[in-house]
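The file upload-v5.tsv comes next; it holds TSV, C-alpha atoms and all ligand atoms.
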```tsv
chain	number	residue	atom	x	y	z
A	1	MET	CA	109.85	112.61	100.82
A	2	PRO	CA	111.29	110.84	97.75
A	3	GLU	CA	110.19	111.71	94.25
A	4	TYR	CA	110.12	108.99	91.63
A	5	ASP	CA	109.17	109.37	87.98
A	6	GLY	CA	105.47	108.76	87.56
A	7	PHE	CA	104.49	109.41	91.19
A	8	PRO	CA	102.99	112.86	91.85
A	9	ASP	CA	104.30	115.30	94.45
A	10	GLY	CA	103.09	114.38	97.92
A	11	PHE	CA	102.37	110.76	96.96
A	12	PHE	CA	104.55	109.42	99.79
A	13	ASP	CA	103.45	111.95	102.44
A	14	ARG	CA	101.39	110.78	105.40
A	15	SER	CA	98.91	112.64	107.60
A	16	ASP	CA	100.85	111.42	110.66
A	17	PRO	CA	104.50	112.09	109.87
A	18	SER	CA	105.64	111.37	113.45
A	19	PRO	CA	108.39	108.75	113.79
A	20	ASP	CA	106.98	105.24	113.33
A	21	PRO	CA	108.44	103.86	116.61
A	22	GLU	CA	105.86	105.97	118.49
A	23	PHE	CA	102.88	104.55	116.60
A	24	TYR	CA	104.13	100.96	116.84
A	25	SER	CA	105.34	101.19	120.47
A	26	TRP	CA	102.57	98.96	121.84
A	27	PRO	CA	101.90	95.46	120.52
A	28	ARG	CA	98.87	94.78	118.37
A	29	LEU	CA	98.42	91.03	118.72
A	30	VAL	CA	95.54	91.00	116.27
A	31	THR	CA	95.02	89.82	112.72
A	32	HIS	CA	94.72	92.56	110.12
A	33	ILE	CA	92.83	90.45	107.55
A	34	ASP	CA	90.18	87.75	107.96
A	35	ASP	CA	90.69	83.98	107.87
A	36	GLY	CA	89.95	83.68	104.15
A	37	ALA	CA	92.54	86.29	103.23
A	38	ILE	CA	95.09	84.75	105.63
A	39	ALA	CA	94.53	81.37	103.99
A	40	ALA	CA	95.05	82.97	100.58
A	41	VAL	CA	98.45	84.32	101.70
A	42	GLY	CA	99.53	80.89	102.97
A	43	GLU	CA	98.34	79.21	99.79
A	44	LEU	CA	100.30	81.65	97.63
A	45	TYR	CA	103.47	81.23	99.70
A	46	GLU	CA	103.15	77.47	99.30
A	47	GLU	CA	102.43	77.75	95.56
A	48	LEU	CA	105.51	79.93	95.05
A	49	GLY	CA	107.63	77.62	97.19
A	50	LEU	CA	108.65	80.10	99.89
A	51	ASP	CA	110.97	77.90	101.92
A	52	GLY	CA	114.55	77.73	103.07
A	53	GLU	CA	115.83	81.02	104.48
A	54	VAL	CA	112.94	83.45	104.21
A	55	LEU	CA	112.59	87.12	105.21
A	56	ASP	CA	109.23	88.55	106.28
A	57	VAL	CA	109.49	92.34	106.26
A	58	MET	CA	107.03	94.53	108.22
A	59	SER	CA	106.19	91.48	110.23
A	60	SER	CA	104.26	90.93	113.40
A	61	TRP	CA	103.19	87.91	115.46
A	62	VAL	CA	101.79	86.08	112.40
A	63	SER	CA	103.49	85.37	109.08
A	64	HIS	CA	100.70	83.27	107.52
A	65	PHE	CA	102.78	80.29	106.36
A	66	ARG	CA	100.95	76.97	106.15
A	67	THR	CA	104.21	75.28	107.01
A	68	SER	CA	107.07	77.14	108.67
A	69	PRO	CA	110.02	77.79	106.37
A	70	ARG	CA	113.24	76.13	107.49
A	71	SER	CA	114.53	79.48	108.73
A	72	LEU	CA	112.31	82.55	108.98
A	73	THR	CA	113.65	86.02	109.82
A	74	VAL	CA	111.00	88.55	110.79
A	75	LEU	CA	111.66	92.29	110.65
A	76	GLY	CA	109.27	94.81	112.16
A	77	MET	CA	108.73	97.59	114.65
A	78	ASN	CA	107.43	95.94	117.79
A	79	LYS	CA	109.49	93.51	119.88
A	80	ALA	CA	106.55	91.86	121.64
A	81	GLU	CA	104.84	91.19	118.30
A	82	LEU	CA	107.96	89.67	116.78
A	83	ASP	CA	108.70	87.66	119.94
A	84	ALA	CA	105.24	86.11	119.67
A	85	ASN	CA	105.75	84.96	116.06
A	86	PRO	CA	105.86	81.15	116.26
A	87	HIS	CA	107.40	80.71	112.78
A	88	ALA	CA	110.42	82.94	113.38
A	89	ILE	CA	113.92	81.89	114.34
A	90	ARG	CA	115.39	85.41	114.06
A	91	ARG	CA	113.76	88.70	114.99
A	92	VAL	CA	115.01	92.13	113.89
A	93	LEU	CA	113.66	95.50	115.04
A	94	HIS	CA	114.22	97.97	112.22
A	95	ASP	CA	112.43	101.11	111.01
A	96	LEU	CA	112.29	100.90	107.22
A	97	ASN	CA	111.00	104.44	106.93
A	98	ALA	CA	114.03	105.79	108.78
A	99	THR	CA	116.47	103.41	107.03
A	100	PRO	CA	115.16	101.52	104.00
A	101	ALA	CA	118.45	99.60	103.67
A	102	LEU	CA	118.11	96.15	105.20
A	103	PRO	CA	120.57	95.07	107.91
A	104	PHE	CA	121.56	91.84	106.15
A	105	PRO	CA	124.44	90.84	103.87
A	106	ASP	CA	123.97	90.26	100.14
A	107	ASP	CA	122.35	86.95	99.15
A	108	SER	CA	121.06	86.15	102.64
A	109	PHE	CA	117.63	84.75	101.76
A	110	ASP	CA	115.89	82.40	99.34
A	111	ALA	CA	112.69	84.46	99.32
A	112	ALA	CA	110.97	87.42	100.95
A	113	GLY	CA	107.43	88.50	101.74
A	114	CYS	CA	105.60	91.60	102.93
A	115	CYS	CA	102.00	91.17	104.05
A	116	VAL	CA	99.42	93.97	104.38
A	117	SER	CA	102.06	96.61	105.03
A	118	VAL	CA	103.46	97.96	101.75
A	119	ASP	CA	101.13	100.96	102.01
A	120	TYR	CA	103.11	102.33	104.98
A	121	LEU	CA	106.43	102.63	103.15
A	122	VAL	CA	107.69	106.10	102.35
A	123	HIS	CA	110.81	104.80	100.56
A	124	PRO	CA	109.38	101.73	98.82
A	125	VAL	CA	111.65	101.76	95.78
A	126	GLU	CA	114.77	101.81	97.94
A	127	LEU	CA	113.42	98.92	99.98
A	128	PHE	CA	112.41	96.84	96.94
A	129	ARG	CA	115.91	97.42	95.50
A	130	ASP	CA	117.49	96.30	98.75
A	131	VAL	CA	115.32	93.20	98.94
A	132	ALA	CA	116.79	92.25	95.54
A	133	ARG	CA	120.23	92.62	97.13
A	134	VAL	CA	119.51	90.33	100.08
A	135	VAL	CA	117.55	87.70	98.12
A	136	ARG	CA	119.66	85.24	96.15
A	137	GLY	CA	119.23	83.40	92.87
A	138	SER	CA	115.82	83.93	91.32
A	139	GLY	CA	114.05	84.07	94.66
A	140	PRO	CA	110.65	85.76	94.86
A	141	PHE	CA	109.52	88.84	96.76
A	142	VAL	CA	105.79	88.56	97.45
A	143	CYS	CA	103.72	91.58	98.47
A	144	THR	CA	100.16	90.92	99.57
A	145	PHE	CA	97.54	93.42	100.68
A	146	SER	CA	93.83	93.86	101.20
A	147	ASN	CA	91.68	96.97	101.43
A	148	ARG	CA	92.25	98.03	105.04
A	149	CYS	CA	94.96	100.11	106.65
A	150	PHE	CA	95.91	102.45	109.47
A	151	PRO	CA	94.97	105.58	107.47
A	152	THR	CA	97.14	108.06	109.35
A	153	LYS	CA	100.23	105.96	108.61
A	154	ALA	CA	99.44	104.98	105.00
A	155	ILE	CA	100.93	107.12	102.25
A	156	ARG	CA	98.63	109.65	100.65
A	157	GLY	CA	98.98	108.01	97.24
A	158	TRP	CA	97.57	104.75	98.61
A	159	LEU	CA	94.62	106.44	100.30
A	160	ALA	CA	93.76	108.27	97.06
A	161	THR	CA	93.66	105.13	94.91
A	162	ASP	CA	91.58	101.95	94.63
A	163	ASP	CA	92.45	98.26	94.82
A	164	GLY	CA	93.34	97.92	91.14
A	165	GLN	CA	95.53	101.01	91.33
A	166	HIS	CA	97.23	99.62	94.45
A	167	CYS	CA	98.26	96.59	92.40
A	168	ALA	CA	99.62	98.87	89.68
A	169	ILE	CA	101.52	100.96	92.26
A	170	VAL	CA	103.25	97.93	93.79
A	171	ALA	CA	104.13	96.62	90.32
A	172	GLU	CA	105.73	100.02	89.61
A	173	TYR	CA	107.77	99.76	92.81
A	174	PHE	CA	109.29	96.52	91.45
A	175	ARG	CA	109.99	98.11	88.04
A	176	HIS	CA	111.51	101.26	89.50
A	177	ALA	CA	113.68	99.28	91.91
A	178	GLY	CA	115.32	97.13	89.24
A	179	GLY	CA	116.68	93.70	90.00
A	180	TRP	CA	113.29	92.02	89.49
A	181	ASP	CA	111.60	90.37	86.54
A	182	GLU	CA	108.23	91.65	85.34
A	183	PRO	CA	105.88	91.47	88.34
A	184	THR	CA	102.82	89.25	88.42
A	185	VAL	CA	99.60	90.78	89.72
A	186	GLU	CA	96.72	88.60	90.92
A	187	ARG	CA	93.59	88.87	92.99
A	188	ARG	CA	93.94	85.75	95.14
A	189	THR	CA	90.42	85.69	96.62
A	190	PRO	CA	87.48	85.10	94.24
A	191	VAL	CA	85.84	88.16	92.70
A	192	HIS	CA	82.54	87.65	94.58
A	193	HIS	CA	84.30	86.61	97.80
A	194	ARG	CA	82.35	88.09	100.77
A	195	GLY	CA	85.31	88.63	103.09
A	196	ASP	CA	88.51	90.64	102.83
A	197	PRO	CA	89.92	90.63	99.30
A	198	LEU	CA	93.54	89.56	98.98
A	199	TYR	CA	95.74	90.96	96.22
A	200	ALA	CA	99.26	89.86	95.49
A	201	VAL	CA	102.06	91.36	93.44
A	202	TRP	CA	105.25	89.40	93.20
A	203	ALA	CA	108.39	89.17	91.11
A	204	ARG	CA	111.45	87.00	90.96
A	205	ARG	CA	114.92	88.40	91.33
A	206	LEU	CA	116.76	88.59	88.03
A	207	ALA	CA	119.47	85.96	88.06
A	208	SER	CA	121.68	88.47	86.20
A	209	TYR	CA	121.21	91.08	88.93
A	210	ALA	CA	124.27	90.09	90.94
A	211	ALA	CA	126.54	90.97	88.03
A	212	GLY	CA	125.41	94.58	88.16
A	213	ARG	CA	126.01	95.09	91.86
A	214	ASP	CA	128.80	96.93	93.55
A	215	ARG	CA	130.92	94.23	95.07
A	216	ALA	CA	134.49	94.00	96.18
A	217	PRO	CA	136.47	92.13	93.51
A	218	ARG	CA	136.59	88.44	94.27
A	219	PRO	CA	140.04	86.89	94.66
A	220	ALA	CA	141.17	85.05	91.51
B	301	LIG	C1	99.12	95.95	109.43
B	301	LIG	S1	100.51	95.33	110.30
B	301	LIG	C2	100.88	93.84	109.39
B	301	LIG	C3	101.67	92.87	110.18
B	301	LIG	C4	101.90	91.52	109.51
B	301	LIG	N1	102.73	91.64	108.32
B	301	LIG	C5	100.62	90.80	109.19
B	301	LIG	O1	100.50	90.25	108.11
B	301	LIG	O2	99.74	90.76	110.06
B	301	LIG	C6	101.78	96.45	109.79
B	301	LIG	C7	103.15	96.07	110.28
B	301	LIG	O3	104.10	96.86	109.59
B	301	LIG	C8	105.18	97.08	110.44
B	301	LIG	N2	105.75	98.38	110.10
B	301	LIG	C9	105.09	99.55	110.00
B	301	LIG	N3	105.92	100.56	109.75
B	301	LIG	C10	107.15	100.01	109.67
B	301	LIG	C11	108.43	100.55	109.46
B	301	LIG	N4	108.62	101.85	109.31
B	301	LIG	N5	109.49	99.70	109.44
B	301	LIG	C12	109.31	98.37	109.63
B	301	LIG	N6	108.11	97.80	109.85
B	301	LIG	C13	107.04	98.62	109.88
B	301	LIG	C14	104.62	97.10	111.86
B	301	LIG	O4	105.55	96.55	112.77
B	301	LIG	C15	103.36	96.28	111.76
B	301	LIG	O5	103.49	95.05	112.42
```
How would this structure read if it were set down as structure tokens?
Ligand SMILES: C[S@@+](CC[C@H](N)C(=O)[O-])C[C@H]1O[C@@H](n2cnc3c(N)ncnc32)[C@H](O)[C@@H]1O
Amino acid sequence: MPEYDGFPDGFFDRSDPSPDPEFYSWPRLVTHIDDGAIAAVGELYEELGLDGEVLDVMSSWVSHFRTSPRSLTVLGMNKAELDANPHAIRRVLHDLNATPALPFPDDSFDAAGCCVSVDYLVHPVELFRDVARVVRGSGPFVCTFSNRCFPTKAIRGWLATDDGQHCAIVAEYFRHAGGWDEPTVERRTPVHHRGDPLYAVWARRLASYAAGRDRAPRPA
């Protein structure tokens, strides 16, 4: 498992280290957060203007947009789940724990999201860095999560920490990855909300990031 400064040994281990395709081989056509938390995701996406060509990583049959983006690509592990996503126009099966590099060219998307799934990533920094590669301009990457998970597939560091620490962990992923401005952390459901809490950590891609990337020289 990767080691990053500031994350203890074993942080990214999981109690079920079997390949993810086995665990996600059957479709789970369920919602993983309640209606209030789903509404909070949609409201945030609208507030941040997630539209145009948008990538939803670790996606399923729901992407929680109030209004479908013009072109939504969903990437996940289960074909039947992705096929059932009514917002999507492109569906990509891809195991981010086997290969954190995204199968898209540079500058492919205006924005990206990851809903209630960041806790399953064993190479999060590599993924966050690659999202900065495939997002263009100062597009946002929005990570939302609640307080539930599949515990055998969540990383040990997530299971050992609380909601506030989860926000700090995701913010550190953005900082370690580079390519992003200082992340914003917010609890999007009210403090005394009785349902699932919804937390969000997002950052905008640094407009200067493209200059630092390895690219073939452009013709004069
Ligand atoms: C809790 S569900 C969340 C699904 C959806 N984002 C939502 O908001 O309901 C976790 C999702 O993460 C995806 N996932 C888990 N491990 C993954 C991996 N290694 N690579 C890509 N996607 C993965 C699964 O396909 C699954 O649909």
**OP:** All residues within 8 Å of ligand LIG 301 (chain B) are required, counting only C-alpha atoms and all ligand atoms; please report them as a ChimeraX atom specification.
**Re:** /A:20-21,24,28,30-33,56-64,75-78,81,93-98,114-118,120-121,149-150,153
Expected file contents, prior selection, C-alpha atoms, as a short mmCIF file (atom, residue, chain, number, x, y, z; two decimals), in the frame of the given file:
```cif
data_model
loop_
_atom_site.label_atom_id
_atom_site.label_comp_id
_atom_site.auth_asym_id
_atom_site.auth_seq_id
_atom_site.Cartn_x
_atom_site.Cartn_y
_atom_site.Cartn_z
CA ASP A 20 106.98 105.24 113.33
CA PRO A 21 108.44 103.86 116.61
CA TYR A 24 104.13 100.96 116.84
CA ARG A 28 98.87 94.78 118.37
CA VAL A 30 95.54 91.00 116.27
CA THR A 31 95.02 89.82 112.72
CA HIS A 32 94.72 92.56 110.12
CA ILE A 33 92.83 90.45 107.55
CA ASP A 56 109.23 88.55 106.28
CA VAL A 57 109.49 92.34 106.26
CA MET A 58 107.03 94.53 108.22
CA SER A 59 106.19 91.48 110.23
CA SER A 60 104.26 90.93 113.40
CA TRP A 61 103.19 87.91 115.46
CA VAL A 62 101.79 86.08 112.40
CA SER A 63 103.49 85.37 109.08
CA HIS A 64 100.70 83.27 107.52
CA LEU A 75 111.66 92.29 110.65
CA GLY A 76 109.27 94.81 112.16
CA MET A 77 108.73 97.59 114.65
CA ASN A 78 107.43 95.94 117.79
CA GLU A 81 104.84 91.19 118.30
CA LEU A 93 113.66 95.50 115.04
CA HIS A 94 114.22 97.97 112.22
CA ASP A 95 112.43 101.11 111.01
CA LEU A 96 112.29 100.90 107.22
CA ASN A 97 111.00 104.44 106.93
CA ALA A 98 114.03 105.79 108.78
CA CYS A 114 105.60 91.60 102.93
CA CYS A 115 102.00 91.17 104.05
CA VAL A 116 99.42 93.97 104.38
CA SER A 117 102.06 96.61 105.03
CA VAL A 118 103.46 97.96 101.75
CA TYR A 120 103.11 102.33 104.98
CA LEU A 121 106.43 102.63 103.15
CA CYS A 149 94.96 100.11 106.65
CA PHE A 150 95.91 102.45 109.47
CA LYS A 153 100.23 105.96 108.61
#
```
**OP:** Extract, using only C-alpha atoms, all DNA, RNA and protein residues at most 10 Å from His166 of chain A, discarding same-chain residues fewer than 3 positions from it, and format them as a PyMOL selection string.
**Re:** chain A and resi 118-119+145-147+157-163+169-172+199+201
Subject >> Separation of atom CA of Val125 of chain A from atom CA of His176 of chain A, in Å and rounded to one decimal >> reply: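 Atom-to-atom, atom CA of Val125 of chain A to atom CA of His176 of chain A, that is 6.3 Å.
Between Pro69 of chain A and the residues A:His87, A:Arg136, A:Arg175, A:Arg148, the shortest atom-to-atom distance, using all atoms listed in the file, involves A:His87.
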**OP:** Return the single residue from A:Tyr45, A:Phe104, A:Tyr173, A:Phe23 that is closest to Thr73 of chain A, with distances computed using only C-alpha atoms.
**Re:** A:Phe104
**OP:** Tell me which of A:His193, A:Arg156, A:Arg90, A:Lys79 sits closest to Pro8 of chain A, counting only C-alpha atoms.
**Re:** A:Arg156
Original post:
atom CA of Ala200 of chain A and atom CA of Arg188 of chain A, how far apart in Å?
Top reply: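 These two atoms are separated by 6.7 Å.
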Can you give me all heavy atoms for segment 59-70 of chain A, written as an mmCIF file, in the coordinates of the input?
```cif
data_model
loop_
_atom_site.group_PDB
_atom_site.id
_atom_site.type_symbol
_atom_site.label_atom_id
_atom_site.label_comp_id
_atom_site.auth_asym_id
_atom_site.auth_seq_id
_atom_site.Cartn_x
_atom_site.Cartn_y
_atom_site.Cartn_z
ATOM 1 N N SER A 59 106.819 92.657 109.650
ATOM 2 C CA SER A 59 106.190 91.480 110.230
ATOM 3 C C SER A 59 105.640 91.776 111.610
ATOM 4 O O SER A 59 105.928 92.808 112.224
ATOM 5 C CB SER A 59 107.230 90.362 110.291
ATOM 6 O OG SER A 59 106.615 89.148 110.674
ATOM 7 N N SER A 60 104.881 90.818 112.083
ATOM 8 C CA SER A 60 104.260 90.930 113.400
ATOM 9 C C SER A 60 104.265 89.555 114.047
ATOM 10 O O SER A 60 105.203 88.786 113.855
ATOM 11 C CB SER A 60 102.851 91.497 113.204
ATOM 12 O OG SER A 60 102.184 91.589 114.442
ATOM 13 N N TRP A 61 103.213 89.212 114.760
ATOM 14 C CA TRP A 61 103.190 87.910 115.460
ATOM 15 C C TRP A 61 102.696 86.777 114.561
ATOM 16 O O TRP A 61 102.734 85.623 114.947
ATOM 17 C CB TRP A 61 102.312 88.005 116.711
ATOM 18 C CG TRP A 61 100.852 88.166 116.418
ATOM 19 C CD1 TRP A 61 100.235 89.279 115.917
ATOM 20 C CD2 TRP A 61 99.834 87.184 116.578
ATOM 21 N NE1 TRP A 61 98.889 89.055 115.755
ATOM 22 C CE2 TRP A 61 98.615 87.776 116.171
ATOM 23 C CE3 TRP A 61 99.813 85.869 117.046
ATOM 24 C CZ2 TRP A 61 97.407 87.086 116.203
ATOM 25 C CZ3 TRP A 61 98.601 85.189 117.073
ATOM 26 C CH2 TRP A 61 97.414 85.795 116.654
ATOM 27 N N VAL A 62 102.230 87.116 113.348
ATOM 28 C CA VAL A 62 101.790 86.080 112.400
ATOM 29 C C VAL A 62 102.478 86.329 111.060
ATOM 30 O O VAL A 62 102.634 87.470 110.635
ATOM 31 C CB VAL A 62 100.265 86.086 112.190
ATOM 32 C CG1 VAL A 62 99.562 85.403 113.344
ATOM 33 C CG2 VAL A 62 99.729 87.493 111.991
ATOM 34 N N SER A 63 102.886 85.234 110.409
ATOM 35 C CA SER A 63 103.490 85.370 109.080
ATOM 36 C C SER A 63 102.717 84.592 108.026
ATOM 37 O O SER A 63 103.088 84.626 106.850
ATOM 38 C CB SER A 63 104.955 84.915 109.106
ATOM 39 O OG SER A 63 105.747 85.855 109.807
ATOM 40 N N HIS A 64 101.687 83.855 108.436
ATOM 41 C CA HIS A 64 100.700 83.270 107.520
ATOM 42 C C HIS A 64 101.187 82.066 106.716
ATOM 43 O O HIS A 64 100.523 81.690 105.741
ATOM 44 C CB HIS A 64 100.132 84.340 106.579
ATOM 45 C CG HIS A 64 99.721 85.600 107.258
ATOM 46 N ND1 HIS A 64 98.871 85.641 108.341
ATOM 47 C CD2 HIS A 64 100.095 86.899 107.042
ATOM 48 C CE1 HIS A 64 98.711 86.888 108.746
ATOM 49 N NE2 HIS A 64 99.449 87.670 107.985
ATOM 50 N N PHE A 65 102.333 81.490 107.080
ATOM 51 C CA PHE A 65 102.780 80.290 106.360
ATOM 52 C C PHE A 65 101.930 79.091 106.779
ATOM 53 O O PHE A 65 101.605 78.947 107.961
ATOM 54 C CB PHE A 65 104.258 79.989 106.691
ATOM 55 C CG PHE A 65 105.193 80.962 106.060
ATOM 56 C CD1 PHE A 65 105.538 82.133 106.711
ATOM 57 C CD2 PHE A 65 105.707 80.718 104.789
ATOM 58 C CE1 PHE A 65 106.393 83.045 106.113
ATOM 59 C CE2 PHE A 65 106.555 81.623 104.195
ATOM 60 C CZ PHE A 65 106.902 82.787 104.855
ATOM 61 N N ARG A 66 101.617 78.229 105.796
ATOM 62 C CA ARG A 66 100.950 76.970 106.150
ATOM 63 C C ARG A 66 101.915 76.058 106.878
ATOM 64 O O ARG A 66 101.568 75.360 107.804
ATOM 65 C CB ARG A 66 100.483 76.272 104.873
ATOM 66 C CG ARG A 66 99.242 76.871 104.282
ATOM 67 C CD ARG A 66 98.877 76.089 103.049
ATOM 68 N NE ARG A 66 97.558 76.425 102.571
ATOM 69 C CZ ARG A 66 97.032 75.903 101.482
ATOM 70 N NH1 ARG A 66 97.695 75.028 100.756
ATOM 71 N NH2 ARG A 66 95.824 76.246 101.102
ATOM 72 N N THR A 67 103.156 76.058 106.389
ATOM 73 C CA THR A 67 104.210 75.280 107.010
ATOM 74 C C THR A 67 105.384 76.234 107.218
ATOM 75 O O THR A 67 105.751 76.966 106.292
ATOM 76 C CB THR A 67 104.676 74.149 106.061
ATOM 77 O OG1 THR A 67 103.519 73.431 105.637
ATOM 78 C CG2 THR A 67 105.656 73.211 106.744
ATOM 79 N N SER A 68 105.968 76.217 108.402
ATOM 80 C CA SER A 68 107.070 77.140 108.670
ATOM 81 C C SER A 68 108.222 76.903 107.699
ATOM 82 O O SER A 68 108.613 75.755 107.477
ATOM 83 C CB SER A 68 107.616 76.932 110.082
ATOM 84 O OG SER A 68 106.661 77.291 111.030
ATOM 85 N N PRO A 69 108.796 77.970 107.147
ATOM 86 C CA PRO A 69 110.020 77.790 106.370
ATOM 87 C C PRO A 69 111.129 77.250 107.278
ATOM 88 O O PRO A 69 111.035 77.373 108.499
ATOM 89 C CB PRO A 69 110.370 79.189 105.888
ATOM 90 C CG PRO A 69 109.225 80.059 106.217
ATOM 91 C CD PRO A 69 108.409 79.372 107.249
ATOM 92 N N ARG A 70 112.146 76.693 106.674
ATOM 93 C CA ARG A 70 113.240 76.130 107.490
ATOM 94 C C ARG A 70 113.814 77.187 108.416
ATOM 95 O O ARG A 70 114.147 76.907 109.566
ATOM 96 C CB ARG A 70 114.322 75.572 106.537
ATOM 97 C CG ARG A 70 115.490 74.938 107.250
ATOM 98 C CD ARG A 70 116.332 74.101 106.289
ATOM 99 N NE ARG A 70 116.719 74.799 105.065
ATOM 100 C CZ ARG A 70 117.658 75.737 104.986
ATOM 101 N NH1 ARG A 70 118.326 76.110 106.057
ATOM 102 N NH2 ARG A 70 117.955 76.304 103.826
#
```
